[in-house]
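Data block for model-v6.txt (compact mmCIF, C-alpha atoms):
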```txt
# COMPACT_ATOMS: atom_id res chain seq x y z
CA MET P 226 -29.70 -11.32 13.74
CA ASP P 227 -28.08 -8.68 15.82
CA LYS P 228 -25.64 -6.75 13.66
CA CYS P 229 -23.71 -5.60 16.69
CA ALA P 230 -22.99 -9.22 17.58
CA ILE P 231 -21.94 -9.98 14.01
CA LEU P 232 -19.60 -7.00 14.06
CA GLU P 233 -18.04 -8.26 17.27
CA GLY P 234 -17.43 -11.65 15.66
CA LEU P 235 -15.97 -10.04 12.57
CA LEU P 236 -13.57 -7.98 14.61
CA PHE P 237 -12.53 -11.10 16.49
CA VAL P 238 -11.83 -12.97 13.28
CA VAL P 239 -9.77 -10.25 11.56
CA GLY P 240 -7.57 -9.66 14.61
CA ASP P 241 -4.78 -7.15 14.10
CA GLU P 242 -5.62 -6.75 10.43
CA GLY P 243 -8.68 -4.86 11.55
CA LEU P 244 -11.67 -3.69 9.56
CA THR P 245 -12.06 -0.34 7.86
CA LEU P 246 -15.36 1.45 8.01
CA LYS P 247 -15.80 0.54 4.35
CA ASP P 248 -15.17 -3.15 5.08
CA ILE P 249 -17.88 -3.10 7.74
CA CYS P 250 -20.33 -1.40 5.38
CA ASN P 251 -19.63 -3.92 2.62
CA ILE P 252 -19.88 -7.03 4.75
CA LEU P 253 -22.94 -6.02 6.73
CA GLU P 254 -24.48 -4.26 3.73
CA ILE P 255 -25.21 -1.12 5.68
CA GLU P 256 -24.56 2.60 5.32
CA LYS P 257 -21.64 4.35 6.97
CA GLU P 258 -23.83 6.04 9.54
CA GLU P 259 -25.25 2.73 10.70
CA ALA P 260 -21.78 1.19 10.84
CA LYS P 261 -20.60 4.04 13.04
CA LYS P 262 -23.60 3.56 15.29
CA LEU P 263 -22.87 -0.14 15.64
CA LEU P 264 -19.25 0.57 16.47
CA MET P 265 -20.26 3.08 19.12
CA GLU P 266 -22.73 0.61 20.56
CA LEU P 267 -20.11 -2.11 20.77
CA LYS P 268 -17.55 0.32 22.15
CA LYS P 269 -19.95 1.28 24.93
CA ASP P 270 -20.42 -2.36 25.84
CA TYR P 271 -16.69 -2.83 26.09
CA ASP P 272 -16.28 0.28 28.19
CA ASN P 273 -17.86 -1.69 31.00
CA GLU P 274 -15.29 -2.65 33.64
CA LYS P 275 -16.44 -6.22 33.38
CA ARG P 276 -15.13 -6.50 29.85
CA GLY P 277 -11.51 -7.23 29.01
CA ILE P 278 -11.27 -5.98 25.46
CA ARG P 279 -11.98 -2.76 23.67
CA ILE P 280 -12.21 -1.39 20.13
CA SER P 281 -9.20 0.60 19.02
CA PHE P 282 -8.97 2.67 15.84
CA LEU P 283 -5.42 2.03 14.71
CA GLY P 284 -3.87 2.46 11.28
CA ASP P 285 -7.11 3.45 9.61
CA SER P 286 -8.97 0.36 10.81
CA PHE P 287 -10.91 -0.89 13.78
CA LYS P 288 -9.37 -3.65 15.86
CA LEU P 289 -10.08 -5.46 19.06
CA THR P 290 -7.32 -4.92 21.58
CA THR P 291 -6.81 -5.51 25.26
CA LYS P 292 -7.17 -2.69 27.73
CA LYS P 293 -4.03 -0.95 28.85
CA GLU P 294 -5.15 -1.09 32.48
CA HIS P 295 -4.54 -4.82 32.35
CA LYS P 296 -1.10 -4.69 30.78
CA ASN P 297 0.69 -6.05 33.84
CA TYR P 298 -1.27 -9.25 33.64
CA TYR P 299 -0.50 -9.77 29.99
CA GLN P 300 3.14 -9.14 30.61
CA LYS P 301 3.12 -12.02 33.09
CA LEU P 302 2.32 -14.25 30.14
CA LEU P 303 5.58 -13.29 28.54
CA SER P 304 8.64 -15.01 29.92
CA VAL P 305 10.79 -12.26 28.44
CA PRO P 306 9.23 -8.81 28.45
CA ARG P 307 8.91 -7.12 25.09
CA THR P 308 12.11 -5.26 24.41
CA ASN P 309 12.28 -5.19 20.65
CA THR P 310 11.50 -1.53 20.44
CA LEU P 311 12.92 0.58 17.66
CA SER P 312 16.39 2.06 17.98
CA ILE P 313 16.93 5.81 18.18
CA PRO P 314 18.27 6.07 14.62
CA ALA P 315 15.29 4.06 13.40
CA LEU P 316 12.88 6.38 15.21
CA GLU P 317 14.70 9.41 13.87
CA THR P 318 14.49 8.07 10.32
CA LEU P 319 10.84 7.18 10.73
CA ALA P 320 10.05 10.66 12.01
CA ILE P 321 11.76 12.20 8.98
CA ILE P 322 9.84 9.95 6.59
CA ALA P 323 6.53 10.46 8.39
CA TYR P 324 6.67 14.24 8.10
CA ASN P 325 8.22 14.44 4.63
CA GLN P 326 6.66 11.56 2.77
CA PRO P 327 7.14 10.60 0.06
CA ILE P 328 10.88 11.11 0.46
CA THR P 329 14.01 9.64 -1.13
CA ARG P 330 16.80 7.99 0.82
CA VAL P 331 19.25 10.70 -0.17
CA GLU P 332 17.00 13.36 1.32
CA ILE P 333 16.83 11.37 4.55
CA ASP P 334 20.64 11.08 4.59
CA ASP P 335 20.88 14.79 4.08
CA LEU P 336 18.59 15.64 6.99
CA ARG P 337 20.29 13.20 9.35
CA GLY P 338 23.83 13.90 8.19
CA VAL P 339 24.53 10.16 8.06
CA ALA P 340 23.89 7.35 5.62
CA SER P 341 20.53 5.74 6.30
CA ALA P 342 20.41 2.94 3.71
CA ASN P 343 20.54 0.15 6.28
CA ILE P 344 17.92 1.65 8.50
CA VAL P 345 15.62 2.29 5.57
CA ARG P 346 16.00 -1.32 4.48
CA LYS P 347 15.21 -2.56 7.98
CA LEU P 348 12.15 -0.34 8.25
CA VAL P 349 10.89 -1.68 4.92
CA ALA P 350 11.42 -5.25 6.18
CA LYS P 351 9.49 -4.43 9.33
CA GLY P 352 6.64 -3.17 7.18
CA LEU P 353 6.69 0.30 8.76
CA ILE P 354 7.56 2.03 5.50
CA LYS P 355 7.22 1.04 1.87
CA GLU P 356 8.37 2.15 -1.52
CA ALA P 357 6.04 4.65 -3.10
CA GLY P 358 7.11 5.10 -6.68
CA LYS P 359 10.13 6.89 -8.05
CA SER P 360 11.31 10.44 -7.70
CA ASN P 361 11.91 12.57 -10.77
CA MET P 362 15.35 13.46 -9.47
CA PRO P 363 18.40 12.23 -11.40
CA GLY P 364 18.69 8.46 -11.20
CA ARG P 365 15.00 8.18 -10.37
CA PRO P 366 15.55 7.04 -6.76
CA ASN P 367 12.84 5.24 -4.81
CA LEU P 368 10.42 7.26 -2.74
CA TYR P 369 9.38 5.99 0.67
CA LYS P 370 6.25 6.51 2.75
CA THR P 371 4.84 5.13 5.96
CA THR P 372 2.35 2.24 6.08
CA HIS P 373 -0.82 1.42 8.02
CA ASP P 374 1.35 -0.78 10.23
CA PHE P 375 3.41 2.30 11.05
CA LEU P 376 0.29 4.04 12.36
CA ASP P 377 -0.72 0.98 14.36
CA TYR P 378 2.80 0.59 15.75
CA PHE P 379 2.59 4.04 17.31
CA GLY P 380 -1.06 3.72 18.25
CA LEU P 381 -2.17 6.30 15.72
CA SER P 382 -5.57 6.19 14.03
CA THR P 383 -4.75 8.14 10.89
CA ILE P 384 -1.79 10.07 9.50
CA ASP P 385 -3.42 13.27 10.77
CA ASP P 386 -2.75 12.06 14.31
CA LEU P 387 1.01 12.54 13.96
CA PRO P 388 2.26 14.68 16.81
CA GLU P 389 2.71 18.29 15.80
CA PHE P 390 6.01 20.08 15.92
CA LEU P 391 6.38 22.66 18.64
CA ASN P 392 5.83 26.02 17.08
CA ASN P 393 9.36 27.33 17.03
CA ASP P 394 9.55 27.68 13.31
CA GLU P 395 12.54 29.57 12.07
CA SER P 396 10.16 31.80 10.12
CA THR P 397 8.74 33.30 13.29
CA GLU P 398 12.26 33.34 14.71
CA ASN P 399 13.56 35.33 11.76
CA GLU P 400 10.77 37.80 12.15
CA LYS P 401 11.65 38.29 15.75
CA GLU P 402 15.30 38.83 14.93
CA LEU P 403 14.41 41.41 12.34
CA PHE P 404 12.11 43.07 14.80
CA THR P 405 14.70 43.32 17.55
CA SER P 406 17.46 44.32 15.18
CA ILE P 407 15.46 47.36 14.10
CA TYR P 408 15.38 48.50 17.67
CA LYS P 409 19.08 47.83 18.10
CA GLU P 410 19.92 50.13 15.25
CA GLU P 411 18.14 52.99 16.91
CA MET T 1092 39.40 20.28 27.38
CA ASN T 1093 38.16 16.91 28.48
CA TYR T 1094 35.31 15.14 26.86
CA ASN T 1095 33.20 12.87 28.94
CA PHE T 1096 31.45 11.32 25.99
CA HIS T 1097 32.35 8.96 23.23
CA ILE T 1098 31.94 9.14 19.49
CA ASN T 1099 29.77 6.02 19.53
CA ASP T 1100 27.18 7.85 21.60
CA PHE T 1101 26.15 9.83 18.56
CA GLU T 1102 24.05 9.14 15.55
CA GLY T 1103 26.22 11.25 13.33
CA PRO T 1104 28.10 14.54 13.04
CA LEU T 1105 24.94 16.62 13.33
CA ASP T 1106 24.06 14.81 16.54
CA LEU T 1107 27.55 15.48 17.88
CA LEU T 1108 27.30 19.15 16.98
CA LEU T 1109 23.97 19.39 18.77
CA HIS T 1110 25.52 17.79 21.81
CA LEU T 1111 28.38 20.27 21.80
CA ILE T 1112 25.87 23.10 21.66
CA LYS T 1113 24.03 21.59 24.60
CA GLU T 1114 27.28 21.22 26.56
CA LYS T 1115 27.92 24.90 26.06
CA LYS T 1116 24.39 25.60 27.24
CA MET T 1117 23.71 27.58 24.12
CA ASP T 1118 20.36 28.06 22.45
CA ILE T 1119 20.32 26.59 19.00
CA TYR T 1120 18.69 29.71 17.57
CA ASP T 1121 21.30 31.91 19.09
CA VAL T 1122 24.35 29.74 18.82
CA ASN T 1123 27.91 30.87 18.31
CA ILE T 1124 28.56 28.59 15.38
CA SER T 1125 32.28 29.30 15.03
CA GLU T 1126 32.87 28.34 18.64
CA ILE T 1127 31.05 25.07 18.09
CA ILE T 1128 33.04 24.47 14.93
CA ASP T 1129 36.27 24.84 16.90
CA GLU T 1130 34.99 22.42 19.50
CA TYR T 1131 34.05 19.89 16.89
CA ILE T 1132 37.36 20.06 15.04
CA GLU T 1133 39.22 19.84 18.34
CA PHE T 1134 37.24 16.79 19.35
CA ILE T 1135 37.82 14.97 16.08
CA LYS T 1136 41.53 15.84 16.16
CA LYS T 1137 41.91 14.28 19.58
CA LEU T 1138 40.19 11.15 18.39
CA GLU T 1139 42.54 10.95 15.45
CA ASN T 1140 45.54 11.26 17.74
CA LYS T 1141 44.25 8.38 19.77
CA ASN T 1142 44.15 6.45 16.54
CA ILE T 1143 40.53 5.61 16.90
CA ASP T 1144 38.51 4.64 13.90
CA ILE T 1145 36.14 7.42 13.12
CA ALA T 1146 33.20 6.98 10.84
CA SER T 1147 33.85 8.78 7.59
CA GLU T 1148 30.83 11.01 8.09
CA TYR T 1149 32.52 12.71 11.03
CA LEU T 1150 35.62 13.36 8.95
CA VAL T 1151 33.54 14.72 6.09
CA MET T 1152 31.88 17.11 8.50
CA SER T 1153 35.30 18.06 9.84
CA ALA T 1154 36.41 18.97 6.34
CA GLU T 1155 33.20 20.92 5.81
CA LEU T 1156 33.72 22.88 8.99
CA ILE T 1157 37.38 23.63 8.27
CA HIS T 1158 36.34 24.79 4.83
CA LEU T 1159 33.70 26.99 6.40
CA LYS T 1160 36.22 28.50 8.80
CA SER T 1161 38.80 29.21 6.13
CA LYS T 1162 36.16 30.76 3.97
CA LYS T 1163 35.30 33.08 6.77
CA LEU T 1164 38.96 33.97 7.29
CA ILE T 1165 39.56 35.08 3.74
CA ASN T 1166 36.21 36.79 4.03
CA LYS T 1167 35.28 36.37 0.44
CA GLU T 1168 32.15 35.10 -1.16
CA GLU T 1169 33.31 31.98 -2.85
CA ILE T 1170 32.42 30.83 -6.30
CA GLU T 1171 29.41 28.57 -6.32
CA GLU T 1172 31.08 25.49 -7.68
CA ASP T 1173 32.72 23.51 -4.91
CA ASP T 1174 32.07 20.07 -3.48
CA PHE T 1175 31.08 21.30 -0.06
CA THR T 1176 27.46 20.98 0.97
CA ILE T 1177 27.46 23.52 3.75
CA SER T 1178 27.74 26.97 2.28
CA SER T 1179 27.68 29.18 5.35
CA GLU T 1180 27.39 29.19 9.10
CA ASP T 1181 23.75 30.04 8.72
CA ASP T 1182 23.34 27.08 6.45
CA LEU T 1183 24.89 24.84 9.09
CA LYS T 1184 22.64 26.36 11.71
CA GLN T 1185 19.57 25.64 9.58
CA LYS T 1186 20.70 22.07 9.10
CA LEU T 1187 21.14 21.65 12.83
CA ILE T 1188 17.74 23.16 13.59
CA GLU T 1189 16.11 20.92 11.04
CA TYR T 1190 17.88 17.85 12.39
CA LYS T 1191 17.04 18.73 15.97
CA LYS T 1192 13.39 18.99 14.99
CA TYR T 1193 13.31 15.33 14.00
CA LYS T 1194 15.59 14.19 16.78
CA ASP T 1195 13.23 15.72 19.32
CA MET T 1196 10.27 14.30 17.49
CA SER T 1197 11.69 10.81 17.70
CA LEU T 1198 11.31 11.02 21.47
CA ASN T 1199 7.60 11.59 20.94
CA PHE T 1200 7.50 8.51 18.79
CA GLN T 1201 9.26 6.57 21.50
CA LYS T 1202 6.53 7.57 23.93
CA LEU T 1203 3.85 6.58 21.43
CA GLU T 1204 5.58 3.26 20.88
CA GLU T 1205 5.69 2.65 24.62
CA LYS T 1206 2.03 3.46 24.96
CA ARG T 1207 1.01 1.25 22.08
CA ASN T 1208 2.91 -1.63 23.67
CA GLU T 1209 0.52 -1.49 26.57
CA ILE T 1210 -2.26 -3.02 24.58
CA TYR T 1211 -2.31 -6.31 22.76
CA THR T 1212 -4.13 -7.57 19.77
CA LYS T 1213 -4.09 -10.88 17.97
CA TYR T 1214 -3.31 -12.38 14.64
CA PRO T 1215 -6.26 -12.79 12.29
CA GLU T 1216 -8.12 -16.10 12.60
CA ASN T 1217 -7.02 -18.67 10.12
CA LEU T 1218 -10.13 -19.31 8.08
CA ASN T 1219 -8.47 -21.55 5.52
CA ASN T 1220 -10.20 -24.65 6.86
CA TYR T 1221 -13.56 -23.10 6.08
CA LYS T 1222 -12.60 -21.93 2.68
CA ASP T 1223 -14.70 -23.32 -0.13
CA ASP T 1224 -11.93 -24.59 -2.29
CA SER T 1225 -13.22 -24.26 -5.81
CA SER T 1226 -10.89 -26.99 -7.09
CA ASN T 1227 -13.10 -29.53 -5.26
CA ASP T 1228 -15.84 -28.81 -7.75
CA ILE T 1229 -14.19 -31.24 -10.14
CA ASN T 1230 -15.99 -34.02 -8.28
CA HIS T 1231 -19.34 -32.74 -9.41
CA GLN T 1232 -18.47 -32.91 -13.05
CA ASP T 1233 -18.10 -35.91 -15.30
CA ILE T 1234 -16.97 -36.75 -18.79
CA ASN T 1235 -20.29 -35.56 -20.25
CA ASP T 1236 -19.57 -32.05 -19.10
CA LEU T 1237 -16.29 -32.22 -20.90
CA ILE T 1238 -17.91 -33.54 -24.08
CA GLU T 1239 -20.55 -30.86 -23.93
CA ALA T 1240 -17.91 -28.23 -23.52
CA PHE T 1241 -16.09 -29.60 -26.52
CA ILE T 1242 -19.25 -29.63 -28.64
CA ASN T 1243 -19.92 -26.06 -27.65
CA PHE T 1244 -16.41 -25.21 -28.61
CA GLN T 1245 -16.80 -26.89 -32.00
CA ASN T 1246 -20.04 -25.06 -32.62
CA ARG T 1247 -18.37 -21.82 -31.86
CA LEU T 1248 -15.56 -22.74 -34.18
CA LYS T 1249 -18.03 -22.92 -37.08
CA TYR T 1250 -18.69 -19.23 -36.80
CA ILE T 1251 -15.05 -18.40 -36.64
CA LYS T 1252 -14.17 -20.41 -39.76
CA PRO T 1253 -14.22 -18.37 -42.95
CA LEU T 1254 -16.85 -19.25 -45.54
CA ASN T 1255 -15.82 -21.58 -48.31
CA THR T 1256 -14.96 -19.59 -51.35
CA ARG T 1257 -13.79 -20.76 -54.69
CA ILE T 1258 -11.24 -18.70 -56.43
CA THR T 1259 -11.25 -19.43 -60.12
CA ARG T 1260 -8.41 -18.80 -62.41
CA LYS T 1261 -8.65 -18.43 -66.06
CA GLU T 1262 -6.19 -20.92 -67.44
CA LEU T 1263 -4.73 -19.92 -70.70
CA SER T 1264 -2.79 -22.49 -72.60
CA ILE T 1265 -0.19 -21.80 -75.22
CA GLU T 1266 -1.94 -24.03 -77.77
CA LYS T 1267 -5.13 -22.11 -77.34
CA ARG T 1268 -3.36 -18.81 -77.74
CA ILE T 1269 -1.48 -20.09 -80.78
CA ASN T 1270 -4.81 -20.88 -82.38
CA GLU T 1271 -6.06 -17.43 -81.56
CA VAL T 1272 -2.98 -15.74 -82.96
CA ARG T 1273 -3.17 -17.93 -86.04
CA ASN T 1274 -6.73 -16.81 -86.61
CA ILE T 1275 -5.85 -13.16 -86.14
CA ILE T 1276 -3.01 -13.35 -88.64
CA LYS T 1277 -5.16 -15.28 -91.08
CA LYS T 1278 -7.70 -12.53 -90.90
CA LYS T 1279 -5.39 -9.49 -90.88
CA LYS T 1280 -2.46 -10.94 -92.87
CA LYS T 1281 -0.09 -8.62 -91.04
CA VAL T 1282 -0.22 -7.39 -87.42
CA THR T 1283 2.11 -5.42 -85.21
CA PHE T 1284 3.70 -7.11 -82.24
CA TYR T 1285 1.82 -4.92 -79.79
CA GLU T 1286 -1.51 -5.62 -81.36
CA LEU T 1287 -1.35 -9.16 -80.03
CA PHE T 1288 -0.93 -7.95 -76.47
CA ASP T 1289 -4.33 -6.35 -76.16
CA ILE T 1290 -4.99 -7.50 -72.59
CA ILE T 1291 -2.60 -6.27 -69.93
CA ASN T 1292 -2.26 -9.24 -67.65
CA LYS T 1293 0.90 -11.06 -66.65
CA ASP T 1294 -0.29 -14.55 -67.63
CA TYR T 1295 -1.73 -13.34 -70.90
CA LEU T 1296 1.42 -11.45 -71.81
CA ILE T 1297 3.66 -14.42 -71.08
CA VAL T 1298 1.44 -16.93 -72.88
CA THR T 1299 1.13 -14.67 -75.89
CA PHE T 1300 4.88 -14.10 -75.99
CA LEU T 1301 5.58 -17.83 -75.72
CA SER T 1302 3.00 -18.50 -78.43
CA ILE T 1303 4.73 -16.10 -80.76
CA LEU T 1304 8.11 -17.71 -80.08
CA GLU T 1305 6.60 -21.14 -80.58
CA MET T 1306 4.97 -20.18 -83.87
CA SER T 1307 8.16 -18.54 -85.05
CA LYS T 1308 10.14 -21.66 -84.20
CA ASN T 1309 7.65 -23.73 -86.14
CA LYS T 1310 8.13 -21.33 -89.02
CA GLU T 1311 4.46 -20.53 -89.02
CA ILE T 1312 5.06 -16.79 -88.82
CA LYS T 1313 7.70 -14.33 -89.83
CA LEU T 1314 8.90 -11.52 -87.57
CA ASN T 1315 10.18 -8.32 -89.12
CA GLN T 1316 11.84 -5.31 -87.58
CA LYS T 1317 13.51 -2.67 -89.69
CA ASN T 1318 15.52 -0.93 -87.02
CA GLU T 1319 16.18 -1.30 -83.36
CA PHE T 1320 13.22 -0.36 -81.15
CA GLU T 1321 10.95 -0.06 -84.09
CA GLU T 1322 7.67 -1.79 -84.52
CA ILE T 1323 7.85 -5.54 -85.05
CA PHE T 1324 5.56 -6.85 -87.71
CA ILE T 1325 4.18 -10.33 -87.74
CA GLU T 1326 2.87 -12.11 -90.85
CA ALA T 1327 2.17 -15.62 -91.89
CA MET T 1328 4.92 -17.50 -93.66
```
Whole structure given in structure tokens:
Amino acid sequence: MDKCAILEGLLFVVGDEGLTLKDICNILEIEKEEAKKLLMELKKDYDNEKRGIRISFLGDSFKLTTKKEHKNYYQKLLSVPRTNTLSIPALETLAIIAYNQPITRVEIDDLRGVASANIVRKLVAKGLIKEAGKSNMPGRPNLYKTTHDFLDYFGLSTIDDLPEFLNNDESTENEKELFTSIYKEE
Amino acid sequence: MNYNFHINDFEGPLDLLLHLIKEKKMDIYDVNISEIIDEYIEFIKKLENKNIDIASEYLVMSAELIHLKSKKLINKEEIEEDDFTISSEDDLKQKLIEYKKYKDMSLNFQKLEEKRNEIYTKYPENLNNYKDDSSNDINHQDINDLIEAFINFQNRLKYIKPLNTRITRKELSIEKRINEVRNIIKKKKKVTFYELFDIINKDYLIVTFLSILEMSKNKEIKLNQKNEFEEIFIEAM
């Protein structure tokens, strides 16, 4: 039996749950290297213009998705276009959690300057963040971190794919100030 | 000064402060914080005059900023312990920079979200119909399986059960002891009380004591004690 074909079927069956590399190895009883090779093989097949789906690596797992070139056609299927995107405060809160996880709600409030309890609750309900144990701070508040669904939602493969902050750290800024101030004194 | 924006346009006091900085076309790293503070307080004051409900966070920030200003006026390093969270203009600046970092980043996330929405995936297939429901296995078993299981269980029980053991008890009757004591006294004529209690054992002690009482009652023996706590002597009547 062709393992590549089996893999294709597996990916079809799991849908948006996806398969991790480990899953593929376990099910097909193969080594990681071979699994990667199969994935590449399948990916190449899908790259063909005549194919309508592709393999995406989202949220630490491989999934079959449509191609973005075809999005207009899919949107015709929807009577109402997708509008349930996240609100600005929700995005802001998610960004804070993503870069500081695990983080308590109070720390989020502090960074945003507003209470975030409702937003945090909504994000948990949406499955984008989850509780990750308790902090050792007084009252032992819950810690929050992002989920695999969070990565998928933003089309990220792994947590390392988070966009990087522009390099205007205050540390370099302080150095510059010190530098210029020396000259000012003279 | 006229404001062409509304309080509801902001996510919170930090957001409003950032907006004020932007309005003034100032760089956040090189901002004149006290000017921004004045702007902010002015803005909130006007809102209050218009009797508009303002979220408490904005008022808290107002108080913080006024506190900051007054602190600067008296130009004195204040004692640590106060309820204000912003300790200096620099501190406020840092908070704003930190907040701006995430606010800007959320735009990146918005772009990512948009991009991800361009592709579709599907729910996992429902494989429940193909599931081998193990509860159906009951059909392949009959009463004999149950009996066998029970026999196995009984067999196992045999090993668990403790071995039969007989615990014997030496019964000592008063009559028997009376006979014994009678013989001893016959032989020795006179014995001390303690001599009769030669075996330290609860039953033996009690039976012996009762025997002595019994014999005394029957006037078989005579008990003698000269003084309190002295030796008791027993002899035949």
Chain T residues within 8 Å of chain P, counting only C-alpha atoms: which ones, as a PDB file with C-alpha atoms, in the coordinates of the input?
```
ATOM      1  CA  GLU T1102      24.050   9.140  15.550  1.00  0.00           C
ATOM      2  CA  GLY T1103      26.220  11.250  13.330  1.00  0.00           C
ATOM      3  CA  PRO T1104      28.100  14.540  13.040  1.00  0.00           C
ATOM      4  CA  LEU T1105      24.940  16.620  13.330  1.00  0.00           C
ATOM      5  CA  TYR T1120      18.690  29.710  17.570  1.00  0.00           C
ATOM      6  CA  GLU T1148      30.830  11.010   8.090  1.00  0.00           C
ATOM      7  CA  LYS T1186      20.700  22.070   9.100  1.00  0.00           C
ATOM      8  CA  GLU T1189      16.110  20.920  11.040  1.00  0.00           C
ATOM      9  CA  TYR T1190      17.880  17.850  12.390  1.00  0.00           C
ATOM     10  CA  LYS T1192      13.390  18.990  14.990  1.00  0.00           C
ATOM     11  CA  TYR T1193      13.310  15.330  14.000  1.00  0.00           C
ATOM     12  CA  LYS T1194      15.590  14.190  16.780  1.00  0.00           C
ATOM     13  CA  MET T1196      10.270  14.300  17.490  1.00  0.00           C
ATOM     14  CA  SER T1197      11.690  10.810  17.700  1.00  0.00           C
ATOM     15  CA  LEU T1198      11.310  11.020  21.470  1.00  0.00           C
ATOM     16  CA  ASN T1199       7.600  11.590  20.940  1.00  0.00           C
ATOM     17  CA  PHE T1200       7.500   8.510  18.790  1.00  0.00           C
ATOM     18  CA  GLN T1201       9.260   6.570  21.500  1.00  0.00           C
ATOM     19  CA  LEU T1203       3.850   6.580  21.430  1.00  0.00           C
ATOM     20  CA  GLU T1204       5.580   3.260  20.880  1.00  0.00           C
ATOM     21  CA  LYS T1206       2.030   3.460  24.960  1.00  0.00           C
ATOM     22  CA  ARG T1207       1.010   1.250  22.080  1.00  0.00           C
ATOM     23  CA  GLU T1209       0.520  -1.490  26.570  1.00  0.00           C
ATOM     24  CA  ILE T1210      -2.260  -3.020  24.580  1.00  0.00           C
ATOM     25  CA  TYR T1211      -2.310  -6.310  22.760  1.00  0.00           C
ATOM     26  CA  THR T1212      -4.130  -7.570  19.770  1.00  0.00           C
ATOM     27  CA  LYS T1213      -4.090 -10.880  17.970  1.00  0.00           C
ATOM     28  CA  TYR T1214      -3.310 -12.380  14.640  1.00  0.00           C
ATOM     29  CA  PRO T1215      -6.260 -12.790  12.290  1.00  0.00           C
ATOM     30  CA  GLU T1216      -8.120 -16.100  12.600  1.00  0.00           C
TER      31      GLU T1216
END
```
**OP:** Fewer than 2 positions away in the same chain doesn't count, so skip those; otherwise give me all residues within 10 Å of Lys1160 of chain T, counting all atoms listed in the file, as a ChimeraX atom specification.
**Re:** /T:1125,1128-1129,1154-1158,1162-1166,1179-1180
Original post:
segment 245-252 of chain P: which residues within 10 Å, counting all atoms listed in the file, same-chain residues fewer than 6 positions away excluded, as a list in words?
Top reply: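 What passes the distance filter is Ile231, Leu232, Leu235, Leu236, Glu258, Glu259, Ala260, Lys261, Leu263, Leu264, Phe282, Leu283, Gly284, Asp285, Ser286, Phe287 and Lys288 of chain P.
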**OP:** Could you please determine the separation between atom CA of Thr1283 of chain T and atom CA of Phe1324 of chain T in Å, to one decimal place?
**Re:**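 Going from atom CA of Thr1283 of chain T over to atom CA of Phe1324 of chain T covers 4.5 Å.
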**OP:** Would you mind reading off the distance between atom CA of Asn1123 of chain T and atom CA of Glu332 of chain P, one decimal, in Å?
**Re:**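 Pair atom CA of Asn1123 of chain T / atom CA of Glu332 of chain P returns 26.7 Å.
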Original post:
What is the atom CA of Leu1187 of chain T to atom CA of Leu1150 of chain T distance in Å?
Top reply: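 Answer for the atom CA of Leu1187 of chain T to atom CA of Leu1150 of chain T separation: 17.1 Å.
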Taking all atoms of segment 1277-1290 of chain T that the file lists, what box with edges along x, y and z, padded by 4 Å per side, do you get, with centre and edge lengths in Å to one decimal, as JSON?
```
{"center_x": -2.0, "center_y": -10.1, "center_z": -82.7, "size_x": 19.4, "size_y": 18.4, "size_z": 28.3}
```
**OP:** Determine, counting all atoms listed in the file, which protein, DNA and RNA residues have an atom within 12 Å of an atom of Met1117 of chain T; residues of the same chain fewer than 6 positions away are not included. Present the result as an MDAnalysis selection string.
**Re:** chainID T and resid 1108:1111 1123:1124 1126:1127
Subject >> T:Asn1274, T:Asn1099, T:Asp1294, T:Asn1315 ranked by distance to Leu1138 of chain T, top pick (using all atoms listed in the file) >> reply: T:Asn1099
Subject >> Residue among P:Ser304, P:Glu274, P:Leu353, P:Tyr369 lying closest to Ile333 of chain P, counting only C-alpha atoms >> reply: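 Going through P:Ser304, P:Glu274, P:Leu353, P:Tyr369 one by one, the smallest distance to Ile333 of chain P is for P:Tyr369.
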**OP:** Compare P:Lys301, P:Pro327, P:Glu256, P:Asp386 by their minimum atom-to-atom distance to Ala357 of chain P, counting all atoms listed in the file, and give me the closest one.
**Re:**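 Nearest candidate to Ala357 of chain P out of P:Lys301, P:Pro327, P:Glu256, P:Asp386: P:Pro327.
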**OP:** Name the residues within 6 Å of (5.7, 1.9, 6.8), counting all atoms listed in the file in the file's coordinates, and put them as number ranges by chain.
**Re:** P: 352-355, 371-372, 375
